[in-house]
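Here is query-v3.pdb, consisting of PDB, C-alpha atoms:
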ATOM      1  CA  MET A  20     -11.088 -90.690  42.314
ATOM      2  CA  ARG A  21     -12.411 -87.185  42.724
ATOM      3  CA  SER A  22     -11.708 -85.397  45.963
ATOM      4  CA  TYR A  23     -14.164 -82.985  47.556
ATOM      5  CA  PRO A  24     -13.412 -80.412  50.219
ATOM      6  CA  LEU A  25     -14.697 -81.306  53.654
ATOM      7  CA  SER A  26     -17.281 -79.095  55.281
ATOM      8  CA  LYS A  27     -16.969 -77.946  58.892
ATOM      9  CA  SER A  28     -19.660 -80.461  59.887
ATOM     10  CA  ALA A  29     -17.867 -83.324  58.158
ATOM     11  CA  ILE A  30     -14.594 -82.487  59.915
ATOM     12  CA  VAL A  31     -16.353 -82.306  63.282
ATOM     13  CA  ASP A  32     -17.992 -85.715  62.731
ATOM     14  CA  LEU A  33     -14.893 -87.367  61.288
ATOM     15  CA  TYR A  34     -12.387 -86.253  63.914
ATOM     16  CA  GLN A  35     -14.672 -85.798  66.928
ATOM     17  CA  VAL A  36     -13.683 -82.166  67.200
ATOM     18  CA  ARG A  37     -15.624 -80.293  69.869
ATOM     19  CA  PRO A  38     -17.419 -77.424  68.145
ATOM     20  CA  SER A  39     -18.757 -74.330  69.808
ATOM     21  CA  LYS A  40     -19.364 -70.742  68.914
ATOM     22  CA  PHE A  41     -19.263 -67.420  70.620
ATOM     23  CA  ASP A  42     -22.508 -65.485  70.699
ATOM     24  CA  GLN A  43     -22.919 -61.732  70.744
ATOM     25  CA  LEU A  44     -25.567 -62.069  73.464
ATOM     26  CA  GLN A  45     -23.270 -64.194  75.663
ATOM     27  CA  GLN A  46     -20.342 -61.754  75.800
ATOM     28  CA  GLY A  47     -21.071 -60.973  79.445
ATOM     29  CA  LYS A  48     -20.802 -64.646  80.398
ATOM     30  CA  PRO A  49     -17.108 -65.579  80.615
ATOM     31  CA  PHE A  50     -15.981 -68.835  79.005
ATOM     32  CA  SER A  51     -19.454 -69.561  77.575
ATOM     33  CA  ALA A  52     -18.233 -71.085  74.283
ATOM     34  CA  LEU A  53     -15.477 -73.084  75.989
ATOM     35  CA  ALA A  54     -17.918 -74.353  78.603
ATOM     36  CA  ALA A  55     -20.404 -75.349  75.881
ATOM     37  CA  ALA A  56     -17.713 -77.249  73.964
ATOM     38  CA  PHE A  57     -16.549 -79.112  77.071
ATOM     39  CA  ASN A  58     -20.123 -79.804  78.150
ATOM     40  CA  GLY A  59     -20.681 -81.371  74.721
ATOM     41  CA  TYR A  60     -17.546 -83.449  75.192
ATOM     42  CA  CYS A  61     -18.781 -84.689  78.574
ATOM     43  CA  GLY A  62     -22.120 -85.523  76.975
ATOM     44  CA  MET A  63     -20.340 -87.564  74.303
ATOM     45  CA  LEU A  64     -18.456 -89.495  76.992
ATOM     46  CA  MET A  65     -21.668 -90.193  78.887
ATOM     47  CA  LYS A  66     -23.690 -91.359  75.858
ATOM     48  CA  SER A  67     -21.360 -94.074  74.628
ATOM     49  CA  SER A  68     -20.910 -97.303  76.575
ATOM     50  CA  GLU A  69     -17.819 -97.919  74.416
ATOM     51  CA  LEU A  70     -16.197 -94.917  76.087
ATOM     52  CA  GLN A  71     -16.725 -96.133  79.666
ATOM     53  CA  LYS A  72     -13.023 -96.918  80.188
ATOM     54  CA  ARG A  73     -12.030 -93.495  78.842
ATOM     55  CA  ARG A  74     -14.668 -91.850  81.058
ATOM     56  CA  GLU A  75     -13.262 -93.630  84.126
ATOM     57  CA  VAL A  76      -9.692 -92.585  83.290
ATOM     58  CA  VAL A  77     -10.727 -88.953  82.791
ATOM     59  CA  ALA A  78     -12.768 -88.946  86.019
ATOM     60  CA  SER A  79      -9.888 -90.394  88.026
ATOM     61  CA  LYS A  80      -7.358 -87.925  86.624
ATOM     62  CA  LEU A  81      -9.700 -84.977  87.153
ATOM     63  CA  ARG A  82     -10.376 -85.958  90.772
ATOM     64  CA  SER A  83      -6.650 -86.293  91.357
ATOM     65  CA  SER A  84      -5.749 -83.044  89.601
ATOM     66  CA  LEU A  85      -8.622 -80.798  90.703
ATOM     67  CA  GLY A  86      -9.869 -82.305  93.939
ATOM     68  CA  ARG A  87     -12.678 -80.269  95.481
ATOM     69  CA  GLU A  88     -11.970 -77.423  93.067
ATOM     70  CA  ALA A  89     -13.784 -79.455  90.386
ATOM     71  CA  TYR A  90     -16.955 -78.042  91.919
ATOM     72  CA  TYR A  91     -16.292 -74.718  90.181
ATOM     73  CA  LEU A  92     -16.016 -76.385  86.791
ATOM     74  CA  THR A  93     -19.272 -78.276  87.302
ATOM     75  CA  LYS A  94     -21.002 -74.914  87.681
ATOM     76  CA  ILE A  95     -20.127 -73.998  84.078
ATOM     77  CA  ILE A  96     -19.857 -77.570  82.683
ATOM     78  CA  PRO A  97     -22.903 -79.298  84.193
ATOM     79  CA  LEU A  98     -22.335 -82.691  82.529
ATOM     80  CA  LEU A  99     -18.919 -82.892  84.171
ATOM     81  CA  ASN A 100     -20.820 -83.642  87.367
ATOM     82  CA  ASP A 101     -22.091 -86.850  85.715
ATOM     83  CA  ILE A 102     -18.541 -87.846  84.725
ATOM     84  CA  LEU A 103     -17.183 -87.261  88.217
ATOM     85  CA  GLY A 104     -20.176 -88.842  89.881
ATOM     86  CA  SER A 105     -20.253 -85.954  92.319
ATOM     87  CA  GLU A 106     -23.095 -85.519  94.682
ATOM     88  CA  LYS A 107     -24.692 -82.165  95.209
ATOM     89  CA  SER A 108     -22.256 -80.143  97.222
ATOM     90  CA  ASP A 109     -22.760 -77.931 100.219
ATOM     91  CA  ASP A 110     -22.289 -74.440  98.762
ATOM     92  CA  THR A 111     -21.294 -73.008 102.136
ATOM     93  CA  PHE A 112     -17.762 -74.386 101.692
ATOM     94  CA  TYR A 113     -17.188 -72.548  98.446
ATOM     95  CA  ASP A 114     -16.543 -68.846  98.138
ATOM     96  CA  ASP A 115     -18.422 -67.535  95.106
ATOM     97  CA  ASN A 116     -17.494 -63.944  95.958
ATOM     98  CA  CYS A 117     -13.800 -64.549  95.421
ATOM     99  CA  VAL A 118     -12.056 -61.635  93.724
ATOM    100  CA  ASP A 119     -10.017 -64.107  91.682
ATOM    101  CA  ALA A 120     -12.963 -66.271  90.549
ATOM    102  CA  GLN A 121     -12.244 -65.611  86.867
ATOM    103  CA  ARG A 122      -8.567 -66.523  87.280
ATOM    104  CA  ARG A 123      -9.556 -69.649  89.180
ATOM    105  CA  LEU A 124     -11.892 -70.732  86.373
ATOM    106  CA  GLN A 125      -9.222 -69.982  83.795
ATOM    107  CA  TYR A 126      -6.708 -72.109  85.719
ATOM    108  CA  LEU A 127      -9.220 -74.945  86.195
ATOM    109  CA  LEU A 128     -10.138 -74.935  82.498
ATOM    110  CA  CYS A 129      -6.443 -75.206  81.649
ATOM    111  CA  GLN A 130      -6.097 -78.105  84.091
ATOM    112  CA  PHE A 131      -9.167 -79.725  82.508
ATOM    113  CA  VAL A 132      -7.595 -79.480  79.038
ATOM    114  CA  GLU A 133      -4.312 -80.841  80.384
ATOM    115  CA  VAL A 134      -6.084 -83.890  81.838
ATOM    116  CA  LEU A 135      -7.944 -84.499  78.577
ATOM    117  CA  SER A 136      -4.727 -84.118  76.588
ATOM    118  CA  SER A 137      -2.846 -86.569  78.767
ATOM    119  CA  SER A 138      -5.667 -89.127  78.628
ATOM    120  CA  TYR A 139      -5.595 -89.741  74.873
ATOM    121  CA  THR A 140      -3.201 -90.143  72.008
ATOM    122  CA  ALA A 141      -5.212 -87.700  69.883
ATOM    123  CA  PRO A 142      -4.963 -83.970  70.612
ATOM    124  CA  VAL A 143      -7.769 -82.002  72.196
ATOM    125  CA  THR A 144      -9.289 -80.006  69.349
ATOM    126  CA  LEU A 145     -11.806 -77.233  69.790
ATOM    127  CA  PHE A 146     -13.505 -75.584  66.848
ATOM    128  CA  LEU A 147     -14.545 -72.145  68.035
ATOM    129  CA  ASP A 148     -16.589 -70.103  65.598
ATOM    130  CA  ASP A 149     -17.495 -66.396  65.626
ATOM    131  CA  LEU A 150     -14.437 -65.275  67.588
ATOM    132  CA  GLN A 151     -15.431 -61.654  67.022
ATOM    133  CA  TRP A 152     -18.012 -62.188  69.811
ATOM    134  CA  ALA A 153     -15.544 -63.779  72.247
ATOM    135  CA  ASP A 154     -15.442 -62.444  75.787
ATOM    136  CA  SER A 155     -12.146 -61.140  77.150
ATOM    137  CA  ALA A 156     -11.804 -64.000  79.676
ATOM    138  CA  SER A 157     -11.970 -66.613  76.905
ATOM    139  CA  ILE A 158      -9.422 -64.737  74.827
ATOM    140  CA  ALA A 159      -7.083 -64.564  77.834
ATOM    141  CA  ALA A 160      -7.418 -68.311  78.416
TER     142      ALA A 160
END

Write-out of the structure in C-alpha coordinates:
Amino acid sequence: MRSYPLSKSAIVDLYQVRPSKFDQLQQGKPFSALAAAFNGYCGMLMKSSELQKRREVVASKLRSSLGREAYYLTKIIPLLNDILGSEKSDDTFYDDNCVDAQRRLQYLLCQFVEVLSSSYTAPVTLFLDDLQWADSASIAA
(Lines of atoms letter the chains of each structure in order from A and count residues from 1; the text may use other names and numbers.)
(Lines give C-alpha, C1' and ligand atoms only; values in the text may rest on other atoms or scores of the structure.)
Protein backbone atom coordinates (compact mmCIF):
# COMPACT_ATOMS: atom_id res chain seq x y z
CA MET A 1 0.00 0.00 0.00
CA ARG A 2 1.32 3.40 -0.96
CA SER A 3 1.31 6.10 1.66
CA TYR A 4 0.68 9.75 0.84
CA PRO A 5 1.48 12.74 3.02
CA LEU A 6 -1.53 14.35 4.62
CA SER A 7 -2.37 17.92 3.75
CA LYS A 8 -3.22 20.50 6.42
CA SER A 9 -6.90 20.24 5.46
CA ALA A 10 -6.88 16.45 5.75
CA ILE A 11 -5.31 16.62 9.22
CA VAL A 12 -7.86 19.21 10.34
CA ASP A 13 -10.76 17.04 9.11
CA LEU A 14 -9.34 13.77 10.42
CA TYR A 15 -8.46 14.91 13.93
CA GLN A 16 -10.96 17.74 14.41
CA VAL A 17 -8.15 20.20 14.97
CA ARG A 18 -9.36 23.78 15.32
CA PRO A 19 -7.68 25.81 12.58
CA SER A 20 -7.25 29.54 12.54
CA LYS A 21 -4.82 32.04 11.16
CA PHE A 22 -3.43 35.37 12.13
CA ASP A 23 -4.08 38.21 9.73
CA GLN A 24 -1.89 41.23 9.13
CA LEU A 25 -4.97 43.47 9.22
CA GLN A 26 -6.11 42.04 12.58
CA GLN A 27 -2.90 42.72 14.51
CA GLY A 28 -4.60 45.47 16.50
CA LYS A 29 -7.31 43.09 17.70
CA PRO A 30 -5.89 40.96 20.53
CA PHE A 31 -6.57 37.22 20.48
CA SER A 32 -8.35 37.39 17.10
CA ALA A 33 -7.02 34.05 15.77
CA LEU A 34 -7.58 32.27 19.09
CA ALA A 35 -11.10 33.67 19.34
CA ALA A 36 -11.84 32.56 15.76
CA ALA A 37 -10.59 29.03 16.47
CA PHE A 38 -12.66 28.73 19.65
CA ASN A 39 -15.70 30.25 17.96
CA GLY A 40 -15.36 27.55 15.29
CA TYR A 41 -15.14 24.93 18.01
CA CYS A 42 -18.33 26.24 19.64
CA GLY A 43 -20.01 26.18 16.24
CA MET A 44 -19.00 22.54 15.79
CA LEU A 45 -20.50 21.68 19.19
CA MET A 46 -23.74 23.46 18.33
CA LYS A 47 -24.18 21.87 14.88
CA SER A 48 -24.00 18.23 15.90
CA SER A 49 -26.80 16.61 17.88
CA GLU A 50 -24.36 13.76 18.58
CA LEU A 51 -22.29 16.20 20.63
CA GLN A 52 -25.14 17.33 22.89
CA LYS A 53 -23.77 15.46 25.93
CA ARG A 54 -20.31 16.94 25.37
CA ARG A 55 -21.84 20.41 24.93
CA GLU A 56 -23.70 20.05 28.25
CA VAL A 57 -20.55 18.92 30.07
CA VAL A 58 -18.53 21.83 28.67
CA ALA A 59 -21.29 24.33 29.51
CA SER A 60 -21.56 23.07 33.08
CA LYS A 61 -17.80 23.16 33.64
CA LEU A 62 -17.48 26.62 32.11
CA ARG A 63 -20.29 28.01 34.27
CA SER A 64 -18.65 26.51 37.33
CA SER A 65 -15.14 27.68 36.43
CA LEU A 66 -15.88 31.13 34.99
CA GLY A 67 -19.17 32.17 36.53
CA ARG A 68 -20.22 35.66 35.47
CA GLU A 69 -16.77 36.27 34.00
CA ALA A 70 -17.82 34.13 31.02
CA TYR A 71 -19.49 37.29 29.74
CA TYR A 72 -16.08 38.63 28.68
CA LEU A 73 -15.34 35.53 26.63
CA THR A 74 -18.71 35.72 24.88
CA LYS A 75 -17.70 39.16 23.63
CA ILE A 76 -14.83 37.65 21.62
CA ILE A 77 -16.32 34.14 21.14
CA PRO A 78 -19.94 34.88 20.23
CA LEU A 79 -21.01 31.24 19.76
CA LEU A 80 -19.98 30.50 23.33
CA ASN A 81 -23.14 32.36 24.32
CA ASP A 82 -25.15 29.63 22.55
CA ILE A 83 -23.27 26.90 24.44
CA LEU A 84 -23.82 28.56 27.81
CA GLY A 85 -27.39 29.47 27.02
CA SER A 86 -26.75 32.92 28.43
CA GLU A 87 -29.26 35.63 28.06
CA LYS A 88 -28.26 39.09 27.00
CA SER A 89 -26.52 40.63 29.95
CA ASP A 90 -26.84 44.03 31.51
CA ASP A 91 -23.57 45.72 30.50
CA THR A 92 -23.72 48.10 33.45
CA PHE A 93 -22.36 45.37 35.74
CA TYR A 94 -19.24 44.86 33.69
CA ASP A 95 -16.30 47.21 33.59
CA ASP A 96 -15.04 47.43 30.01
CA ASN A 97 -12.58 50.18 30.94
CA CYS A 98 -10.58 47.92 33.21
CA VAL A 99 -6.84 48.52 32.98
CA ASP A 100 -6.27 44.77 33.19
CA ALA A 101 -8.83 43.79 30.52
CA GLN A 102 -6.17 42.10 28.36
CA ARG A 103 -4.85 40.10 31.32
CA ARG A 104 -8.39 39.13 32.25
CA LEU A 105 -9.07 37.85 28.73
CA GLN A 106 -5.77 35.99 28.71
CA TYR A 107 -6.66 34.32 32.03
CA LEU A 108 -10.19 33.48 30.86
CA LEU A 109 -8.90 31.98 27.60
CA CYS A 110 -6.53 29.81 29.63
CA GLN A 111 -9.42 28.73 31.85
CA PHE A 112 -11.47 27.98 28.73
CA VAL A 113 -8.70 25.74 27.36
CA GLU A 114 -8.35 24.03 30.74
CA VAL A 115 -12.08 23.22 30.80
CA LEU A 116 -11.95 21.87 27.24
CA SER A 117 -8.87 19.80 28.06
CA SER A 118 -10.45 18.29 31.15
CA SER A 119 -13.68 17.47 29.30
CA TYR A 120 -12.19 15.06 26.75
CA THR A 121 -9.67 12.30 26.45
CA ALA A 122 -8.19 13.88 23.32
CA PRO A 123 -5.97 16.96 23.67
CA VAL A 124 -7.08 20.42 22.64
CA THR A 125 -5.26 21.10 19.38
CA LEU A 126 -5.12 24.45 17.67
CA PHE A 127 -3.58 24.90 14.25
CA LEU A 128 -2.52 28.53 14.05
CA ASP A 129 -1.17 29.67 10.71
CA ASP A 130 0.71 32.85 9.75
CA LEU A 131 2.24 33.42 13.19
CA GLN A 132 4.31 36.27 11.76
CA TRP A 133 1.11 38.37 11.96
CA ALA A 134 0.29 37.39 15.56
CA ASP A 135 -0.51 40.16 18.01
CA SER A 136 1.57 40.46 21.17
CA ALA A 137 -1.34 39.46 23.45
CA SER A 138 -1.78 36.15 21.62
CA ILE A 139 1.94 35.44 21.77
CA ALA A 140 1.92 36.13 25.52
CA ALA A 141 -1.00 33.75 26.03

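Atom pair CA of Arg74 (chain A) / CA of Leu147 (chain A): separated by 23.6 Å.
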
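Evaluated against the shown file, the PyMOL selection byres ((chain A and resi 75-89) around 7) gives Gln71, Lys72, Arg73, Arg74, Tyr90, Tyr91, Leu92, Thr93, Ile102, Leu103, Val134, Leu135 and Ser138 of chain A.
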
May I have the selected residues written with C-alpha atoms, as a PDB file, keeping the file's coordinate frame?
ATOM      1  CA  GLN A  71     -16.725 -96.133  79.666  1.00  0.00           C
ATOM      2  CA  LYS A  72     -13.023 -96.918  80.188  1.00  0.00           C
ATOM      3  CA  ARG A  73     -12.030 -93.495  78.842  1.00  0.00           C
ATOM      4  CA  ARG A  74     -14.668 -91.850  81.058  1.00  0.00           C
ATOM      5  CA  TYR A  90     -16.955 -78.042  91.919  1.00  0.00           C
ATOM      6  CA  TYR A  91     -16.292 -74.718  90.181  1.00  0.00           C
ATOM      7  CA  LEU A  92     -16.016 -76.385  86.791  1.00  0.00           C
ATOM      8  CA  THR A  93     -19.272 -78.276  87.302  1.00  0.00           C
ATOM      9  CA  ILE A 102     -18.541 -87.846  84.725  1.00  0.00           C
ATOM     10  CA  LEU A 103     -17.183 -87.261  88.217  1.00  0.00           C
ATOM     11  CA  VAL A 134      -6.084 -83.890  81.838  1.00  0.00           C
ATOM     12  CA  LEU A 135      -7.944 -84.499  78.577  1.00  0.00           C
ATOM     13  CA  SER A 138      -5.667 -89.127  78.628  1.00  0.00           C
TER      14      SER A 138
END

9 Å contact set for Pro38 (chain A), only C-alpha atoms, chain neighbours under 4 positions out, as a PyMOL selection string: chain A and resi 31+52+55-56+59+144-148

Selection result of the PyMOL selection byres ((chain A and resi 53) around 12) on this file, as a PyMOL selection string: chain A and resi 37-42+45+48-52+54-60+92+95-96+124-125+128-129+131-132+144-148+150+153-154+156-158+160

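Pairwise distance (CA of Leu99 (chain A), CA of Ala159 (chain A)) equals 22.7 Å.
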
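Using all atoms listed in the file, the nearest neighbour of Leu64 (chain A) within the list A:Leu44, A:Lys94, A:Pro142, A:Asp101 is A:Asp101.
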
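If you look at CA of Ser155 (chain A) and CA of Tyr126 (chain A), they are 14.9 Å away from each other.
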
Complete the atom set of region 68-79 of chain A to all heavy atoms and return it as a short mmCIF file (atom, residue, chain, number, x, y, z; two decimals), in the coordinates of the input.
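New file selection28.cif:
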data_model
loop_
_atom_site.label_atom_id
_atom_site.label_comp_id
_atom_site.auth_asym_id
_atom_site.auth_seq_id
_atom_site.Cartn_x
_atom_site.Cartn_y
_atom_site.Cartn_z
N SER A 68 -21.40 -96.26 75.65
CA SER A 68 -20.91 -97.30 76.58
C SER A 68 -19.51 -97.75 76.17
O SER A 68 -18.75 -98.25 77.00
CB SER A 68 -21.87 -98.49 76.61
OG SER A 68 -22.00 -99.04 75.31
N GLU A 69 -19.16 -97.57 74.89
CA GLU A 69 -17.82 -97.92 74.42
C GLU A 69 -16.75 -97.03 75.05
O GLU A 69 -15.58 -97.40 75.11
CB GLU A 69 -17.74 -97.79 72.90
CG GLU A 69 -18.67 -98.73 72.16
CD GLU A 69 -18.75 -98.39 70.68
OE1 GLU A 69 -18.13 -97.40 70.24
OE2 GLU A 69 -19.46 -99.11 69.97
N LEU A 70 -17.14 -95.87 75.51
CA LEU A 70 -16.20 -94.92 76.09
C LEU A 70 -16.14 -94.99 77.62
O LEU A 70 -15.56 -94.11 78.25
CB LEU A 70 -16.55 -93.49 75.65
CG LEU A 70 -16.48 -93.23 74.15
CD1 LEU A 70 -16.96 -91.83 73.83
CD2 LEU A 70 -15.07 -93.44 73.63
N GLN A 71 -16.69 -96.03 78.21
CA GLN A 71 -16.73 -96.13 79.67
C GLN A 71 -15.32 -96.13 80.27
O GLN A 71 -15.06 -95.44 81.25
CB GLN A 71 -17.47 -97.38 80.12
CG GLN A 71 -17.53 -97.48 81.63
CD GLN A 71 -18.34 -98.67 82.10
OE1 GLN A 71 -18.92 -99.39 81.31
NE2 GLN A 71 -18.36 -98.89 83.40
N LYS A 72 -14.40 -96.87 79.67
CA LYS A 72 -13.02 -96.92 80.19
C LYS A 72 -12.39 -95.53 80.12
O LYS A 72 -11.76 -95.08 81.07
CB LYS A 72 -12.20 -97.93 79.39
CG LYS A 72 -10.78 -98.05 79.81
CD LYS A 72 -10.66 -98.76 81.13
CE LYS A 72 -9.19 -99.00 81.42
NZ LYS A 72 -8.92 -99.25 82.79
N ARG A 73 -12.57 -94.85 79.00
CA ARG A 73 -12.03 -93.50 78.84
C ARG A 73 -12.65 -92.56 79.87
O ARG A 73 -11.97 -91.74 80.47
CB ARG A 73 -12.31 -92.99 77.43
CG ARG A 73 -11.70 -91.63 77.15
CD ARG A 73 -12.00 -91.13 75.78
NE ARG A 73 -11.32 -91.94 74.78
CZ ARG A 73 -11.38 -91.70 73.48
NH1 ARG A 73 -12.09 -90.69 73.02
NH2 ARG A 73 -10.75 -92.46 72.63
N ARG A 74 -13.95 -92.67 80.08
CA ARG A 74 -14.67 -91.85 81.06
C ARG A 74 -14.10 -92.07 82.46
O ARG A 74 -13.87 -91.11 83.20
CB ARG A 74 -16.16 -92.20 81.01
CG ARG A 74 -17.04 -91.37 81.85
CD ARG A 74 -18.52 -91.62 81.58
NE ARG A 74 -18.93 -93.00 81.66
CZ ARG A 74 -19.45 -93.72 80.64
NH1 ARG A 74 -19.62 -93.17 79.47
NH2 ARG A 74 -19.80 -94.97 80.81
N GLU A 75 -13.82 -93.32 82.81
CA GLU A 75 -13.26 -93.63 84.13
C GLU A 75 -11.86 -93.06 84.30
O GLU A 75 -11.52 -92.55 85.36
CB GLU A 75 -13.25 -95.14 84.34
CG GLU A 75 -14.64 -95.74 84.50
CD GLU A 75 -14.65 -97.26 84.44
OE1 GLU A 75 -13.57 -97.88 84.27
OE2 GLU A 75 -15.75 -97.83 84.56
N VAL A 76 -11.06 -93.14 83.24
CA VAL A 76 -9.69 -92.58 83.29
C VAL A 76 -9.74 -91.07 83.48
O VAL A 76 -9.04 -90.50 84.32
CB VAL A 76 -8.90 -92.95 82.01
CG1 VAL A 76 -7.61 -92.15 81.90
CG2 VAL A 76 -8.60 -94.44 81.97
N VAL A 77 -10.59 -90.41 82.69
CA VAL A 77 -10.73 -88.95 82.79
C VAL A 77 -11.21 -88.56 84.18
O VAL A 77 -10.67 -87.64 84.80
CB VAL A 77 -11.68 -88.41 81.69
CG1 VAL A 77 -12.05 -86.97 81.96
CG2 VAL A 77 -11.02 -88.54 80.33
N ALA A 78 -12.22 -89.27 84.70
CA ALA A 78 -12.77 -88.95 86.02
C ALA A 78 -11.70 -89.09 87.10
O ALA A 78 -11.56 -88.23 87.97
CB ALA A 78 -13.96 -89.84 86.34
N SER A 79 -10.94 -90.16 87.03
CA SER A 79 -9.89 -90.39 88.03
C SER A 79 -8.82 -89.31 87.98
O SER A 79 -8.41 -88.77 89.01
CB SER A 79 -9.26 -91.77 87.79
OG SER A 79 -8.17 -91.97 88.63
#
